[in-house]
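See below for work-v7.txt, which holds compact mmCIF, C-alpha atoms and all ligand atoms.
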```txt
# COMPACT_ATOMS: atom_id res chain seq x y z
CA MET A 1 73.90 80.63 104.83
CA ALA A 2 77.49 81.25 105.85
CA GLU A 3 79.84 81.99 103.01
CA GLN A 4 82.33 79.21 102.42
CA THR A 5 85.78 80.71 102.70
CA PHE A 6 87.45 78.35 100.27
CA SER A 7 84.96 77.93 97.47
CA ILE A 8 86.00 76.25 94.23
CA GLU A 9 85.70 79.58 92.52
CA ASN A 10 88.92 81.54 92.26
CA THR A 11 90.82 79.04 94.42
CA GLY A 12 94.09 77.58 93.19
CA VAL A 13 96.37 75.03 94.82
CA ILE A 14 100.13 75.45 95.22
CA VAL A 15 102.03 72.20 95.82
CA VAL A 16 105.48 73.21 97.01
CA ASP A 17 108.59 71.23 96.04
CA VAL A 18 107.30 67.67 96.37
CA GLN A 19 110.48 66.44 94.70
CA ALA A 20 112.56 63.28 95.10
CA ASP A 21 115.53 64.97 96.83
CA PHE A 22 113.27 66.24 99.62
CA THR A 23 111.87 62.79 100.41
CA GLU A 24 112.86 59.82 102.54
CA PHE A 25 110.79 57.83 100.03
CA LYS A 26 113.49 58.35 97.36
CA SER A 27 116.40 58.59 99.85
CA GLY A 28 116.77 62.19 98.74
CA ALA A 29 119.88 64.31 99.25
CA LEU A 30 117.94 66.68 101.52
CA ALA A 31 115.26 64.33 102.82
CA VAL A 32 112.61 65.93 105.00
CA PRO A 33 111.68 63.72 107.99
CA GLY A 34 108.31 62.06 107.42
CA ALA A 35 108.29 62.64 103.66
CA ASP A 36 107.87 58.91 103.12
CA ALA A 37 105.87 56.77 100.66
CA GLN A 38 102.68 57.25 102.66
CA TYR A 39 103.10 61.03 102.65
CA ILE A 40 103.56 61.09 98.87
CA ASP A 41 100.48 58.93 98.44
CA GLN A 42 98.48 61.25 100.70
CA VAL A 43 99.62 64.35 98.76
CA GLU A 44 98.88 62.70 95.42
CA LYS A 45 95.36 61.67 96.45
CA ALA A 46 94.54 65.09 97.93
CA THR A 47 95.90 66.89 94.88
CA ARG A 48 93.97 64.66 92.49
CA ARG A 49 90.78 65.30 94.47
CA LEU A 50 91.29 69.08 94.37
CA LEU A 51 91.97 68.92 90.64
CA GLU A 52 88.81 66.88 90.08
CA GLN A 53 86.87 69.49 92.06
CA GLY A 54 88.02 72.03 89.50
CA HIS A 55 90.93 73.77 91.23
CA PRO A 56 93.90 74.62 89.02
CA ILE A 57 97.13 73.16 90.43
CA TYR A 58 100.49 74.97 90.49
CA PHE A 59 103.59 72.94 91.31
CA THR A 60 106.72 74.73 92.39
CA LYS A 61 109.96 73.02 91.50
CA ASP A 62 113.39 73.66 93.04
CA TRP A 63 115.59 73.62 89.92
CA HIS A 64 119.22 74.43 90.68
CA PRO A 65 122.21 74.55 88.33
CA ALA A 66 125.08 72.31 89.50
CA ASP A 67 127.11 75.38 90.53
CA HIS A 68 124.36 76.80 92.77
CA ILE A 69 125.45 79.02 95.65
CA SER A 70 123.32 77.14 98.20
CA PHE A 71 125.36 73.93 97.89
CA PHE A 72 128.06 73.55 100.56
CA THR A 73 130.16 71.78 97.93
CA ASN A 74 130.33 75.06 95.97
CA ASN A 75 131.58 77.01 99.01
CA PRO A 76 134.96 75.59 100.06
CA GLY A 77 135.43 75.22 103.81
CA THR A 78 131.73 75.10 104.66
CA GLU A 79 129.73 72.23 106.08
CA PRO A 80 126.17 71.11 105.39
CA PHE A 81 123.51 73.13 107.27
CA GLN A 82 125.98 75.85 108.27
CA GLU A 83 124.71 79.39 107.78
CA ILE A 84 127.14 81.79 106.11
CA GLU A 85 127.01 85.47 105.24
CA ILE A 86 127.33 85.66 101.46
CA GLU A 87 127.19 89.43 101.25
CA GLU A 88 126.47 92.40 103.52
CA GLY A 89 123.41 91.37 105.53
CA ARG A 90 122.46 88.40 103.37
CA THR A 91 122.84 84.90 104.79
CA GLN A 92 122.61 81.55 103.10
CA VAL A 93 122.20 78.07 104.55
CA MET A 94 124.69 75.61 103.08
CA TRP A 95 122.59 72.73 101.77
CA PRO A 96 123.70 69.38 100.44
CA PRO A 97 123.48 69.52 96.63
CA HIS A 98 119.83 68.87 95.78
CA CYS A 99 117.31 69.25 92.94
CA VAL A 100 120.01 69.69 90.33
CA GLN A 101 118.50 70.43 86.92
CA ASN A 102 117.84 67.34 84.78
CA THR A 103 118.64 64.85 87.56
CA SER A 104 116.15 62.39 89.04
CA GLY A 105 116.50 64.13 92.42
CA ALA A 106 114.59 67.07 90.95
CA ASP A 107 111.62 64.96 89.83
CA ILE A 108 108.20 65.98 91.11
CA LEU A 109 106.69 62.81 92.56
CA ILE A 110 103.03 63.66 92.09
CA LEU A 111 101.91 62.08 88.85
CA ILE A 112 98.60 63.56 87.81
CA LYS A 113 97.37 65.07 84.59
CA GLY A 114 95.14 68.05 83.96
CA LEU A 115 95.09 71.77 84.61
CA ILE A 116 98.59 71.91 86.01
CA GLU A 117 101.38 74.46 85.77
CA THR A 118 104.92 73.99 87.02
CA VAL A 119 106.98 76.97 88.16
CA LYS A 120 110.75 76.56 88.40
CA LYS A 121 112.76 78.45 91.01
CA GLY A 122 116.34 78.71 92.21
CA THR A 123 117.67 78.65 88.65
CA ASN A 124 120.13 81.55 89.06
CA PRO A 125 123.46 80.10 90.29
CA LYS A 126 124.04 83.13 92.55
CA LEU A 127 120.59 83.37 94.19
CA ASP A 128 118.51 81.00 96.29
CA SER A 129 114.73 81.03 96.14
CA TYR A 130 112.72 79.40 98.90
CA SER A 131 109.65 81.33 97.76
CA GLY A 132 107.74 80.27 94.69
CA PHE A 133 107.12 83.96 93.93
CA PHE A 134 110.54 85.66 94.17
CA ASP A 135 114.20 84.74 94.45
CA ASP A 136 116.53 86.27 97.05
CA GLY A 137 117.43 88.98 94.55
CA GLY A 138 113.78 90.04 94.23
CA HIS A 139 113.31 88.64 90.70
CA LYS A 140 109.82 87.32 90.11
CA THR A 141 109.11 83.79 88.95
CA ASP A 142 106.16 83.12 86.66
CA LEU A 143 103.83 82.16 89.52
CA ASP A 144 102.01 85.42 90.20
CA ARG A 145 101.43 86.01 86.47
CA LEU A 146 99.89 82.54 86.08
CA LEU A 147 97.63 83.01 89.11
CA ARG A 148 96.44 86.37 87.80
CA ARG A 149 95.89 84.95 84.33
CA ASP A 150 93.66 82.28 85.89
CA GLY A 151 91.74 84.75 88.08
CA ILE A 152 92.93 83.14 91.31
CA ARG A 153 92.28 85.07 94.53
CA LYS A 154 92.53 82.32 97.12
CA LEU A 155 95.18 79.65 97.54
CA ILE A 156 95.42 76.30 99.25
CA ILE A 157 99.11 75.60 99.91
CA TYR A 158 101.03 72.53 101.13
CA GLY A 159 104.22 70.58 100.45
CA LEU A 160 107.90 70.60 101.46
CA ALA A 161 109.45 71.91 103.56
CA THR A 162 107.15 73.64 106.06
CA ASP A 163 109.96 75.71 107.59
CA TYR A 164 111.60 76.81 104.31
CA CYS A 165 109.89 76.81 100.94
CA VAL A 166 106.32 76.37 102.17
CA LYS A 167 106.71 79.20 104.68
CA ALA A 168 108.35 81.56 102.17
CA THR A 169 105.76 80.82 99.49
CA VAL A 170 102.83 81.27 101.88
CA LEU A 171 104.16 84.58 103.24
CA ASP A 172 104.76 85.95 99.74
CA ALA A 173 101.27 84.82 98.69
CA VAL A 174 99.84 86.83 101.60
CA GLY A 175 102.06 89.74 100.58
CA HIS A 176 100.55 89.58 97.09
CA GLY A 177 97.05 89.84 98.56
CA TYR A 178 95.94 86.22 98.19
CA GLN A 179 93.81 84.66 100.89
CA VAL A 180 95.72 81.55 101.98
CA GLU A 181 94.87 78.24 103.62
CA LEU A 182 97.75 76.00 104.74
CA ILE A 183 97.04 72.27 105.02
CA THR A 184 99.44 71.06 107.72
CA ASP A 185 98.75 67.31 107.29
CA LEU A 186 100.11 67.65 103.75
CA CYS A 187 103.31 69.40 104.87
CA ARG A 188 106.53 68.07 106.40
CA GLY A 189 109.29 70.21 107.90
CA LEU A 190 113.04 69.88 108.34
CA SER A 191 112.78 70.43 112.11
CA PRO A 192 109.81 70.51 114.51
CA GLU A 193 110.91 73.75 116.22
CA THR A 194 111.30 75.80 113.05
CA SER A 195 108.18 74.22 111.54
CA ASN A 196 106.06 75.14 114.56
CA SER A 197 107.34 78.70 114.60
CA ALA A 198 106.76 78.92 110.83
CA ILE A 199 103.13 77.87 111.32
CA ARG A 200 102.67 80.41 114.12
CA GLU A 201 104.15 83.14 111.93
CA MET A 202 101.87 82.25 109.00
CA GLU A 203 98.84 82.23 111.33
CA LEU A 204 99.77 85.68 112.66
CA LYS A 205 99.85 86.92 109.05
CA GLY A 206 96.23 85.85 108.61
CA VAL A 207 96.71 82.42 107.05
CA THR A 208 94.00 79.85 107.79
CA ILE A 209 95.70 76.79 109.29
CA SER A 210 93.85 73.53 108.57
CA LYS A 211 94.90 70.03 109.49
CA GLY A 212 93.56 68.14 106.51
C1 LIG B 301 114.05 73.84 100.23
C2 LIG B 301 116.08 74.03 101.28
C3 LIG B 301 116.70 74.28 100.08
C4 LIG B 301 112.58 73.58 100.35
C5 LIG B 301 114.65 74.11 99.03
O1 LIG B 301 111.95 73.15 99.35
O2 LIG B 301 112.02 73.79 101.46
N1 LIG B 301 114.76 73.82 101.36
N2 LIG B 301 115.99 74.31 98.96
ZN ZN B 302 116.98 74.44 97.08
```

Output the structure of this file as structure tokens.
Amino acid sequence: MAEQTFSIENTGVIVVDVQADFTEFKSGALAVPGADAQYIDQVEKATRRLLEQGHPIYFTKDWHPADHISFFTNNPGTEPFQEIEIEEGRTQVMWPPHCVQNTSGADILILIKGLIETVKKGTNPKLDSYSGFFDDGGHKTDLDRLLRRDGIRKLIIYGLATDYCVKATVLDAVGHGYQVELITDLCRGLSPETSNSAIREMELKGVTISKG
């Protein structure tokens, strides 16, 4: 019998940044097109099913201080979505303020209980962190330690946004040696072009791309 690639055993689930500010559903500050009520419902149902099957769930959570460097409002003279060079060779997209710590915009919208961990990222005012594993300064979050603690070798990953935090988290997971499956039906991206090229790039890195 053929070996199932994504067996229950050793397989964890990373749900990336499914937070109010990234949704149209909550009229978020940085709403991702298509992240509507139906999308949230779909992600919640799929996540609950995976949890019931015995997979540990890891939420990542964008969790910025109000003075975060990625907010255009903290960089006088810049406009939303402009890309600026913040230091030699390091660029930063200027985002509308989003997922500010202890505001409702930062709320994770998936309400399930069980074997769930939440990993915060983007907490350093000077560094952005699209990846759930590392920030732009190379500092590790808690994610890899938790996955190792739980004996996870394979990951199912989905969430928001395909072209930013999902992509960065998936590529770092591959870099850490995890075998990764991306579920595209459970992802939404900021733009179709960058989302499609993100998916191609992940596929080239050996990620299994599944629809649902
Ligand atoms: C994200 C932009 C800024 C994301 C986070 O979750 O994809 N995008 N912060
Ligand atoms: Zn952010």

Inset, instruction - Give the residues close to ligand ZN 302 (chain B), within 8 Å, counting all atoms listed in the file; write them as a PyMOL selection string. - result: chain A and resi 62-64+70+95+98-99+122+128-130

Show me, as CSV, the residues of chain A having an atom within 10 Å of ligand LIG 301 (chain B), each with the closest atom pair and its distance in Å, using all atoms listed in the file.
```
residue,atom,partner,partner_atom,distance
A:Val16,CA,B:LIG301,O1,6.9
A:Asp17,CA,B:LIG301,O1,5.1
A:Val18,CA,B:LIG301,O1,7.8
A:Gln19,CA,B:LIG301,O1,8.3
A:Asp21,CA,B:LIG301,O1,9.3
A:Phe22,CA,B:LIG301,O1,7.0
A:Leu30,CA,B:LIG301,C2,7.6
A:Ala31,CA,B:LIG301,N1,9.6
A:Val32,CA,B:LIG301,O2,8.6
A:Thr60,CA,B:LIG301,O1,8.8
A:Lys61,CA,B:LIG301,O1,8.1
A:Asp62,CA,B:LIG301,C5,6.1
A:Trp63,CA,B:LIG301,N2,9.1
A:His64,CA,B:LIG301,N2,8.9
A:Ser70,CA,B:LIG301,C3,7.5
A:Phe71,CA,B:LIG301,C3,8.9
A:Phe81,CA,B:LIG301,C2,9.6
A:Gln92,CA,B:LIG301,C3,9.8
A:Val93,CA,B:LIG301,C2,8.0
A:Met94,CA,B:LIG301,C3,8.6
A:Trp95,CA,B:LIG301,C3,6.3
A:Pro96,CA,B:LIG301,C3,8.6
A:Pro97,CA,B:LIG301,C3,9.0
A:His98,CA,B:LIG301,N2,7.4
A:Cys99,CA,B:LIG301,N2,8.0
A:Lys121,CA,B:LIG301,C5,9.3
A:Gly122,CA,B:LIG301,N2,8.1
A:Asp128,CA,B:LIG301,N2,7.6
A:Ser129,CA,B:LIG301,N2,7.4
A:Tyr130,CA,B:LIG301,C5,5.6
A:Ser131,CA,B:LIG301,O1,8.6
A:Gly132,CA,B:LIG301,O1,9.5
A:Gly159,CA,B:LIG301,O1,8.2
A:Leu160,CA,B:LIG301,O2,5.2
A:Ala161,CA,B:LIG301,O2,3.8
A:Thr162,CA,B:LIG301,O2,6.7
A:Asp163,CA,B:LIG301,O2,6.7
A:Tyr164,CA,B:LIG301,O2,4.2
A:Cys165,CA,B:LIG301,O2,3.7
A:Val166,CA,B:LIG301,O2,6.3
A:Lys167,CA,B:LIG301,O2,8.2
A:Ala168,CA,B:LIG301,O2,8.6
A:Thr169,CA,B:LIG301,O2,9.6
A:Arg188,CA,B:LIG301,O2,9.3
A:Gly189,CA,B:LIG301,O2,7.9
A:Leu190,CA,B:LIG301,O2,8.0
```

Okay, now the selection with C-alpha atoms, as a PDB file, keeping the file's coordinate frame?
```pdb
ATOM      1  CA  VAL A  16     105.480  73.210  97.010  1.00  0.00           C
ATOM      2  CA  ASP A  17     108.590  71.230  96.040  1.00  0.00           C
ATOM      3  CA  VAL A  18     107.300  67.670  96.370  1.00  0.00           C
ATOM      4  CA  GLN A  19     110.480  66.440  94.700  1.00  0.00           C
ATOM      5  CA  ASP A  21     115.530  64.970  96.830  1.00  0.00           C
ATOM      6  CA  PHE A  22     113.270  66.240  99.620  1.00  0.00           C
ATOM      7  CA  LEU A  30     117.940  66.680 101.520  1.00  0.00           C
ATOM      8  CA  ALA A  31     115.260  64.330 102.820  1.00  0.00           C
ATOM      9  CA  VAL A  32     112.610  65.930 105.000  1.00  0.00           C
ATOM     10  CA  THR A  60     106.720  74.730  92.390  1.00  0.00           C
ATOM     11  CA  LYS A  61     109.960  73.020  91.500  1.00  0.00           C
ATOM     12  CA  ASP A  62     113.390  73.660  93.040  1.00  0.00           C
ATOM     13  CA  TRP A  63     115.590  73.620  89.920  1.00  0.00           C
ATOM     14  CA  HIS A  64     119.220  74.430  90.680  1.00  0.00           C
ATOM     15  CA  SER A  70     123.320  77.140  98.200  1.00  0.00           C
ATOM     16  CA  PHE A  71     125.360  73.930  97.890  1.00  0.00           C
ATOM     17  CA  PHE A  81     123.510  73.130 107.270  1.00  0.00           C
ATOM     18  CA  GLN A  92     122.610  81.550 103.100  1.00  0.00           C
ATOM     19  CA  VAL A  93     122.200  78.070 104.550  1.00  0.00           C
ATOM     20  CA  MET A  94     124.690  75.610 103.080  1.00  0.00           C
ATOM     21  CA  TRP A  95     122.590  72.730 101.770  1.00  0.00           C
ATOM     22  CA  PRO A  96     123.700  69.380 100.440  1.00  0.00           C
ATOM     23  CA  PRO A  97     123.480  69.520  96.630  1.00  0.00           C
ATOM     24  CA  HIS A  98     119.830  68.870  95.780  1.00  0.00           C
ATOM     25  CA  CYS A  99     117.310  69.250  92.940  1.00  0.00           C
ATOM     26  CA  LYS A 121     112.760  78.450  91.010  1.00  0.00           C
ATOM     27  CA  GLY A 122     116.340  78.710  92.210  1.00  0.00           C
ATOM     28  CA  ASP A 128     118.510  81.000  96.290  1.00  0.00           C
ATOM     29  CA  SER A 129     114.730  81.030  96.140  1.00  0.00           C
ATOM     30  CA  TYR A 130     112.720  79.400  98.900  1.00  0.00           C
ATOM     31  CA  SER A 131     109.650  81.330  97.760  1.00  0.00           C
ATOM     32  CA  GLY A 132     107.740  80.270  94.690  1.00  0.00           C
ATOM     33  CA  GLY A 159     104.220  70.580 100.450  1.00  0.00           C
ATOM     34  CA  LEU A 160     107.900  70.600 101.460  1.00  0.00           C
ATOM     35  CA  ALA A 161     109.450  71.910 103.560  1.00  0.00           C
ATOM     36  CA  THR A 162     107.150  73.640 106.060  1.00  0.00           C
ATOM     37  CA  ASP A 163     109.960  75.710 107.590  1.00  0.00           C
ATOM     38  CA  TYR A 164     111.600  76.810 104.310  1.00  0.00           C
ATOM     39  CA  CYS A 165     109.890  76.810 100.940  1.00  0.00           C
ATOM     40  CA  VAL A 166     106.320  76.370 102.170  1.00  0.00           C
ATOM     41  CA  LYS A 167     106.710  79.200 104.680  1.00  0.00           C
ATOM     42  CA  ALA A 168     108.350  81.560 102.170  1.00  0.00           C
ATOM     43  CA  THR A 169     105.760  80.820  99.490  1.00  0.00           C
ATOM     44  CA  ARG A 188     106.530  68.070 106.400  1.00  0.00           C
ATOM     45  CA  GLY A 189     109.290  70.210 107.900  1.00  0.00           C
ATOM     46  CA  LEU A 190     113.040  69.880 108.340  1.00  0.00           C
TER      47      LEU A 190
END
```

Inset, instruction - Pick out the closest residue to Ala66 (chain A) from this set: A:Lys26, A:His139, A:Lys45, A:Lys126. Count only C-alpha atoms. - result: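 Nearest to Ala66 (chain A): A:Lys126.
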
Inset, instruction - Would you work out the distance separating CA of Phe25 (chain A) from CA of Tyr58 (chain A), expressed in Å to one decimal? - result: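 Computing it gives 22.2 Å between the two atoms.
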
Inset, instruction - For CA of Leu182 (chain A) and CA of Ser195 (chain A), determine how far apart the two atoms are, in Å to one decimal place. - result: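 Taking CA of Leu182 (chain A) as the start and CA of Ser195 (chain A) as the end point, the length is 12.6 Å.
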
Inset, instruction - Could you give me, as a count of residues only, the residues that have an atom at most 10 Å away from the point (118.9, 88.0, 96.3) in the coordinates of the file, using all atoms listed in the file? - result: 14

Legend entry - Atom pair CA of Ile199 (chain A) / CA of Thr123 (chain A): separation (Å):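 CA of Ile199 (chain A) sits 26.9 Å away from CA of Thr123 (chain A).
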
Inset, instruction - Using only C-alpha atoms, pick whichever of A:Val15, A:His68, A:Phe133, A:Ser210 has the shortest atom-to-atom distance to Ala173 (chain A). - result: A:Phe133

Inset, instruction - Find the residue from A:Ser27, A:Thr103, A:Asn74, A:Gln38 that sits nearest to Pro125 (chain A); use only C-alpha atoms when measuring. - result: A:Asn74

Legend entry - Nearest to Ile112 (chain A), chosen from A:Thr184, A:Thr47, A:Ser197, A:Ser191, with only C-alpha atoms counted in the distances: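 Among the listed residues, A:Thr47 lies closest to Ile112 (chain A).
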
Taking all atoms of region 151-156 of chain A that appear in the file, build a box with edges along x, y and z, extend it by 4 Å on every side, and state its centre and edge lengths in Å to one decimal, as AutoDock Vina command-line options.
```
--center_x 93.6 --center_y 80.7 --center_z 93.7 --size_x 11.7 --size_y 16.8 --size_z 19.2
```
